[in-house]
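Below is final26.txt, which holds compact mmCIF, C-alpha atoms and all ligand atoms.
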# COMPACT_ATOMS: atom_id res chain seq x y z
CA MET A 1 4.30 13.55 26.16
CA PRO A 2 5.33 10.22 24.58
CA THR A 3 6.80 10.62 21.09
CA ILE A 4 5.92 8.12 18.37
CA HIS A 5 7.91 7.86 15.17
CA ILE A 6 5.81 6.73 12.20
CA LEU A 7 8.08 5.18 9.56
CA ASN A 8 7.11 4.34 5.99
CA GLY A 9 8.97 2.26 3.44
CA PRO A 10 9.40 2.22 -0.33
CA ASN A 11 6.78 3.48 -2.75
CA LEU A 12 4.58 4.86 0.00
CA ASN A 13 5.56 8.36 -1.16
CA LEU A 14 3.27 7.53 -4.13
CA LEU A 15 0.30 6.71 -1.93
CA GLY A 16 -2.89 8.00 -3.57
CA LYS A 17 -1.42 7.58 -7.07
CA ARG A 18 -0.10 4.04 -6.73
CA GLN A 19 -2.59 1.17 -7.29
CA PRO A 20 -5.44 3.08 -5.63
CA GLU A 21 -7.62 -0.03 -5.88
CA VAL A 22 -5.21 -1.65 -3.39
CA TYR A 23 -3.91 1.27 -1.33
CA GLY A 24 -6.73 3.84 -1.60
CA HIS A 25 -6.85 7.46 -2.72
CA GLU A 26 -5.39 9.19 0.33
CA THR A 27 -1.88 10.56 0.01
CA LEU A 28 0.88 10.07 2.57
CA ALA A 29 0.49 13.77 3.43
CA ASP A 30 -3.20 13.08 4.20
CA VAL A 31 -2.16 10.19 6.47
CA GLU A 32 0.42 12.37 8.20
CA ALA A 33 -2.17 15.11 8.81
CA ALA A 34 -4.67 12.60 10.24
CA CYS A 35 -1.99 11.10 12.50
CA THR A 36 -0.90 14.51 13.75
CA ALA A 37 -4.50 15.48 14.56
CA LEU A 38 -5.27 12.22 16.39
CA ALA A 39 -1.95 12.28 18.25
CA GLY A 40 -2.88 15.70 19.63
CA GLU A 41 -6.17 14.29 20.97
CA LEU A 42 -4.36 11.29 22.48
CA GLY A 43 -1.60 13.31 24.13
CA LEU A 44 1.11 11.95 21.84
CA THR A 45 3.74 13.72 19.75
CA THR A 46 4.44 12.23 16.33
CA ALA A 47 7.19 12.48 13.74
CA PHE A 48 6.42 11.08 10.29
CA HIS A 49 9.08 9.78 7.87
CA GLN A 50 9.35 7.88 4.58
CA SER A 51 12.32 6.31 2.80
CA ASN A 52 12.62 4.31 -0.39
CA HIS A 53 15.91 2.79 0.85
CA GLU A 54 16.46 -0.10 3.23
CA GLY A 55 19.44 1.62 4.89
CA GLY A 56 17.42 4.80 5.19
CA ILE A 57 14.79 2.95 7.20
CA VAL A 58 17.50 1.37 9.36
CA GLU A 59 18.86 4.86 10.08
CA LEU A 60 15.38 6.17 10.90
CA ILE A 61 15.03 3.34 13.44
CA HIS A 62 18.41 4.26 14.93
CA ALA A 63 17.24 7.88 15.23
CA ALA A 64 14.05 6.68 16.95
CA ARG A 65 16.22 4.96 19.59
CA GLU A 66 17.29 8.41 20.77
CA ALA A 67 14.06 10.32 20.30
CA ALA A 68 10.96 8.10 20.42
CA GLN A 69 9.12 5.97 22.96
CA GLY A 70 7.28 3.97 20.28
CA ILE A 71 7.53 3.11 16.59
CA VAL A 72 4.69 2.61 14.12
CA ILE A 73 6.18 1.14 10.95
CA ASN A 74 4.92 0.23 7.52
CA PRO A 75 8.09 -1.20 5.97
CA ALA A 76 6.17 -1.84 2.70
CA ALA A 77 8.01 -4.36 0.48
CA TYR A 78 10.93 -4.59 2.96
CA THR A 79 8.50 -6.25 5.38
CA HIS A 80 8.95 -9.45 3.42
CA THR A 81 12.71 -9.30 2.81
CA SER A 82 14.64 -7.28 5.35
CA VAL A 83 16.62 -8.90 8.14
CA ALA A 84 18.43 -5.54 8.51
CA ILE A 85 15.20 -3.76 9.45
CA LEU A 86 14.28 -6.58 11.84
CA ASP A 87 17.72 -6.33 13.48
CA ALA A 88 17.41 -2.55 13.79
CA LEU A 89 13.99 -2.91 15.44
CA HIS A 90 15.53 -5.34 17.93
CA THR A 91 17.76 -2.45 19.10
CA PHE A 92 14.68 -0.36 19.95
CA GLU A 93 13.32 -0.84 23.46
CA GLY A 94 9.79 0.57 23.22
CA PRO A 95 6.65 -0.80 21.59
CA VAL A 96 6.65 -1.43 17.85
CA ILE A 97 3.43 -1.70 15.83
CA GLU A 98 3.54 -2.95 12.23
CA VAL A 99 0.95 -1.53 9.84
CA HIS A 100 -0.06 -2.63 6.35
CA ILE A 101 -2.67 -0.70 4.44
CA SER A 102 -3.75 -3.74 2.42
CA ASN A 103 -4.65 -7.18 3.70
CA VAL A 104 -1.34 -8.81 2.85
CA HIS A 105 -2.76 -12.26 3.66
CA ARG A 106 -5.25 -12.00 0.80
CA ARG A 107 -2.48 -11.17 -1.66
CA GLU A 108 0.48 -13.03 -3.21
CA SER A 109 2.07 -15.68 -1.00
CA PHE A 110 5.39 -13.75 -0.85
CA ARG A 111 3.52 -11.08 1.14
CA HIS A 112 2.35 -13.56 3.77
CA HIS A 113 5.67 -13.65 5.62
CA SER A 114 6.92 -10.67 7.63
CA TYR A 115 10.39 -10.44 9.18
CA VAL A 116 9.19 -7.39 11.11
CA SER A 117 6.43 -9.38 12.82
CA LEU A 118 9.15 -11.26 14.73
CA ARG A 119 9.69 -8.01 16.67
CA ALA A 120 6.34 -6.23 16.43
CA ASP A 121 4.13 -6.04 19.51
CA GLY A 122 1.09 -5.85 17.24
CA VAL A 123 0.26 -6.08 13.54
CA ILE A 124 -2.55 -4.25 11.72
CA ALA A 125 -3.38 -5.13 8.11
CA GLY A 126 -6.25 -4.53 5.74
CA PHE A 127 -7.87 -1.51 7.41
CA GLY A 128 -6.60 0.94 4.82
CA THR A 129 -4.89 4.03 6.16
CA ASP A 130 -7.10 3.81 9.29
CA GLY A 131 -4.51 1.26 10.41
CA TYR A 132 -2.11 4.08 11.28
CA LEU A 133 -4.75 5.69 13.51
CA MET A 134 -5.53 2.35 15.15
CA ALA A 135 -1.83 1.93 15.85
CA LEU A 136 -1.65 5.35 17.51
CA ARG A 137 -4.65 4.51 19.72
CA ARG A 138 -2.87 1.35 20.82
CA MET A 139 0.34 3.30 21.46
CA ALA A 140 -1.59 5.68 23.70
CA ARG A 141 -2.85 2.69 25.70
CA LEU A 142 0.61 1.14 25.93
CA LEU A 143 2.44 4.36 26.84
CA GLY A 144 -0.29 6.33 28.63
C1 LIG A 201 2.76 -1.91 1.20
C2 LIG A 201 3.58 -2.35 0.21
O1 LIG A 201 4.24 -1.48 -0.55
C3 LIG A 201 3.72 -3.76 -0.11
O2 LIG A 201 5.00 -4.08 -0.61
C4 LIG A 201 3.38 -4.67 1.07
C5 LIG A 201 2.11 -2.84 2.16
C6 LIG A 201 2.05 -4.25 1.67
C7 LIG A 201 0.79 -2.29 2.64
O3 LIG A 201 -0.25 -2.92 2.48
O4 LIG A 201 0.78 -1.19 3.21
O5 LIG A 201 3.35 -6.01 0.64

Mind converting the file's structure to structure tokens?
Ligand code: DHK
Amino acid sequence: MPTIHILNGPNLNLLGKRQPEVYGHETLADVEAACTALAGELGLTTAFHQSNHEGGIVELIHAAREAAQGIVINPAAYTHTSVAILDALHTFEGPVIEVHISNVHRRESFRHHSYVSLRADGVIAGFGTDGYLMALRRMARLLG
């Protein structure tokens, strides 16, 4: 069974409480539960992680090199700033899908650029937390 690591960046631990008008009312635990349920239907195994630290995300990507066939990543604010996360993703050989809960292109201009998109095989933005499920469906197609 292909294993997908789902990685989440800073402040996403506060999902559901943080700016719900932008990010919705679901918690990260709700998203994890929905991903686990869908992964079972799709024949995927998932591992779900969150870090508020840039280096923590880099280390999660390094761990995925050993254990995962695909990465779904919402790097949150580091999307727009982190060459280190981009470089780490370049060391990963499988598919990478970038997810944003909000439509970053309708927001401040500093959110319009993504370093991670230089490596991502696909980008999903503005579909709320459904974006994670869409990413898993795509992973199943790519790895099935
Ligand atoms: C989440 C964040 O925390 C922001 O910093 C990004 C992203 C957008 C999201 O929509 O999931 O700019």

* **Within-10 Å residues of ligand LIG 201 (chain A), basis all atoms listed in the file, as a VMD selection string** => chain A and resid 8 to 15 18 to 19 22 to 23 73 to 81 98 to 105 107 to 114 124 to 129 131

* Asked: Smallest atom-to-atom distance to Gly94 of chain A: which of A:Met134, A:Ala64, A:Leu118, A:Leu38, using only C-alpha atoms?
  ->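 For Gly94 of chain A, the nearest of the given residues is A:Ala64.
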
* For Val116 of chain A, the nearest of the candidates A:Leu44, A:Leu143, A:Ala39, A:Leu89, counting only C-alpha atoms ->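 Nearest to Val116 of chain A: A:Leu89.
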
* To do: Quick one: pull the distance between atom CA of Ala120 of chain A and atom CA of Pro95 of chain A, Å, one decimal.
  => 7.5 Å

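Among the candidate residues A:Ile97, A:Glu21, A:Leu7, A:Gly43, the one lying nearest to Glu59 of chain A is A:Leu7, with distances computed using only C-alpha atoms.
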
* Selected residue, from A:Gly55, A:Pro2, A:Gly122, A:Gly16, that lies nearest to Ala88 of chain A when counting only C-alpha atoms ->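 Answer, going by the shortest atom-to-atom distance: A:Gly55.
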
Find the axis-aligned box for segment 115-119 of chain A, covering all its listed atoms and adding 5 Å on each side, and write its centre and edge lengths in Å to one decimal as AutoDock Vina command-line options.
--center_x 8.4 --center_y -9.3 --center_z 12.9 --size_x 14.0 --size_y 13.9 --size_z 17.5

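In this model, the gap between atom CA of Ala67 of chain A and atom CA of Gly144 of chain A comes to 17.1 Å.
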
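Contact shell of Ala33 of chain A at 12 Å (only C-alpha atoms; same-chain neighbours under 4 positions omitted): Glu26, Thr27, Leu28, Ala29, Ala37, Leu38, Ala39, Gly40, Thr46, Ala47, Phe48, Thr129, Tyr132 and Leu133 of chain A.
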
* Selected residue, from A:His5, A:Arg137, A:His25, A:His90, that lies nearest to Thr45 of chain A when counting only C-alpha atoms ->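 Of the candidates, the smallest distance to Thr45 of chain A is held by A:His5.
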
* **Nearest to Val31 of chain A by atom-to-atom distance, counting all atoms listed in the file, from A:Ile4, A:Asp130, A:Val123, A:Ala135** =>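 Selected residue with least distance to Val31 of chain A: A:Asp130.
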
* Could you tell me how far atom CA of Val58 of chain A lies from atom CA of Val83 of chain A, in Å and to one decimal? =>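 One can read the atom CA of Val58 of chain A to atom CA of Val83 of chain A distance as 10.4 Å.
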
File for segment 115-133 of chain A (N, CA and C atoms), as a PDB file, in the first residue's frame:
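Everything below was put into decode02.pdb:
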ATOM      1  N   TYR A 115       7.448  29.257  -3.132  1.00  0.00           N
ATOM      2  CA  TYR A 115       8.685  28.521  -3.436  1.00  0.00           C
ATOM      3  C   TYR A 115       8.381  27.043  -3.677  1.00  0.00           C
ATOM      4  N   VAL A 116       7.446  26.510  -2.907  1.00  0.00           N
ATOM      5  CA  VAL A 116       7.140  25.077  -2.974  1.00  0.00           C
ATOM      6  C   VAL A 116       6.578  24.681  -4.340  1.00  0.00           C
ATOM      7  N   SER A 117       5.887  25.603  -5.003  1.00  0.00           N
ATOM      8  CA  SER A 117       5.318  25.293  -6.321  1.00  0.00           C
ATOM      9  C   SER A 117       6.400  24.979  -7.359  1.00  0.00           C
ATOM     10  N   LEU A 118       7.641  25.416  -7.100  1.00  0.00           N
ATOM     11  CA  LEU A 118       8.733  25.086  -8.031  1.00  0.00           C
ATOM     12  C   LEU A 118       9.035  23.590  -8.037  1.00  0.00           C
ATOM     13  N   ARG A 119       8.571  22.870  -6.987  1.00  0.00           N
ATOM     14  CA  ARG A 119       8.781  21.423  -6.912  1.00  0.00           C
ATOM     15  C   ARG A 119       7.470  20.631  -7.022  1.00  0.00           C
ATOM     16  N   ALA A 120       6.367  21.270  -6.656  1.00  0.00           N
ATOM     17  CA  ALA A 120       5.111  20.517  -6.560  1.00  0.00           C
ATOM     18  C   ALA A 120       4.667  19.995  -7.922  1.00  0.00           C
ATOM     19  N   ASP A 121       4.107  18.785  -7.919  1.00  0.00           N
ATOM     20  CA  ASP A 121       3.526  18.225  -9.141  1.00  0.00           C
ATOM     21  C   ASP A 121       2.130  18.778  -9.377  1.00  0.00           C
ATOM     22  N   GLY A 122       1.491  19.253  -8.320  1.00  0.00           N
ATOM     23  CA  GLY A 122       0.173  19.874  -8.441  1.00  0.00           C
ATOM     24  C   GLY A 122      -0.061  20.790  -7.259  1.00  0.00           C
ATOM     25  N   VAL A 123      -0.933  21.774  -7.466  1.00  0.00           N
ATOM     26  CA  VAL A 123      -1.241  22.762  -6.421  1.00  0.00           C
ATOM     27  C   VAL A 123      -2.757  22.887  -6.311  1.00  0.00           C
ATOM     28  N   ILE A 124      -3.262  22.823  -5.076  1.00  0.00           N
ATOM     29  CA  ILE A 124      -4.697  22.952  -4.823  1.00  0.00           C
ATOM     30  C   ILE A 124      -4.874  24.105  -3.847  1.00  0.00           C
ATOM     31  N   ALA A 125      -5.714  25.072  -4.193  1.00  0.00           N
ATOM     32  CA  ALA A 125      -5.928  26.222  -3.308  1.00  0.00           C
ATOM     33  C   ALA A 125      -7.372  26.666  -3.388  1.00  0.00           C
ATOM     34  N   GLY A 126      -7.929  27.021  -2.231  1.00  0.00           N
ATOM     35  CA  GLY A 126      -9.243  27.654  -2.218  1.00  0.00           C
ATOM     36  C   GLY A 126     -10.407  26.698  -2.109  1.00  0.00           C
ATOM     37  N   PHE A 127     -10.145  25.414  -1.885  1.00  0.00           N
ATOM     38  CA  PHE A 127     -11.228  24.440  -1.744  1.00  0.00           C
ATOM     39  C   PHE A 127     -11.468  24.078  -0.286  1.00  0.00           C
ATOM     40  N   GLY A 128     -10.979  24.935   0.616  1.00  0.00           N
ATOM     41  CA  GLY A 128     -11.110  24.606   2.035  1.00  0.00           C
ATOM     42  C   GLY A 128     -10.326  23.338   2.344  1.00  0.00           C
ATOM     43  N   THR A 129     -10.741  22.671   3.412  1.00  0.00           N
ATOM     44  CA  THR A 129     -10.012  21.454   3.799  1.00  0.00           C
ATOM     45  C   THR A 129     -10.291  20.289   2.852  1.00  0.00           C
ATOM     46  N   ASP A 130     -11.287  20.425   1.961  1.00  0.00           N
ATOM     47  CA  ASP A 130     -11.487  19.404   0.912  1.00  0.00           C
ATOM     48  C   ASP A 130     -10.231  19.261   0.057  1.00  0.00           C
ATOM     49  N   GLY A 131      -9.401  20.292   0.018  1.00  0.00           N
ATOM     50  CA  GLY A 131      -8.179  20.229  -0.788  1.00  0.00           C
ATOM     51  C   GLY A 131      -7.290  19.055  -0.403  1.00  0.00           C
ATOM     52  N   TYR A 132      -7.260  18.726   0.878  1.00  0.00           N
ATOM     53  CA  TYR A 132      -6.441  17.574   1.317  1.00  0.00           C
ATOM     54  C   TYR A 132      -6.994  16.278   0.716  1.00  0.00           C
ATOM     55  N   LEU A 133      -8.323  16.176   0.675  1.00  0.00           N
ATOM     56  CA  LEU A 133      -8.947  14.951   0.151  1.00  0.00           C
ATOM     57  C   LEU A 133      -8.735  14.871  -1.364  1.00  0.00           C
TER      58      LEU A 133
END
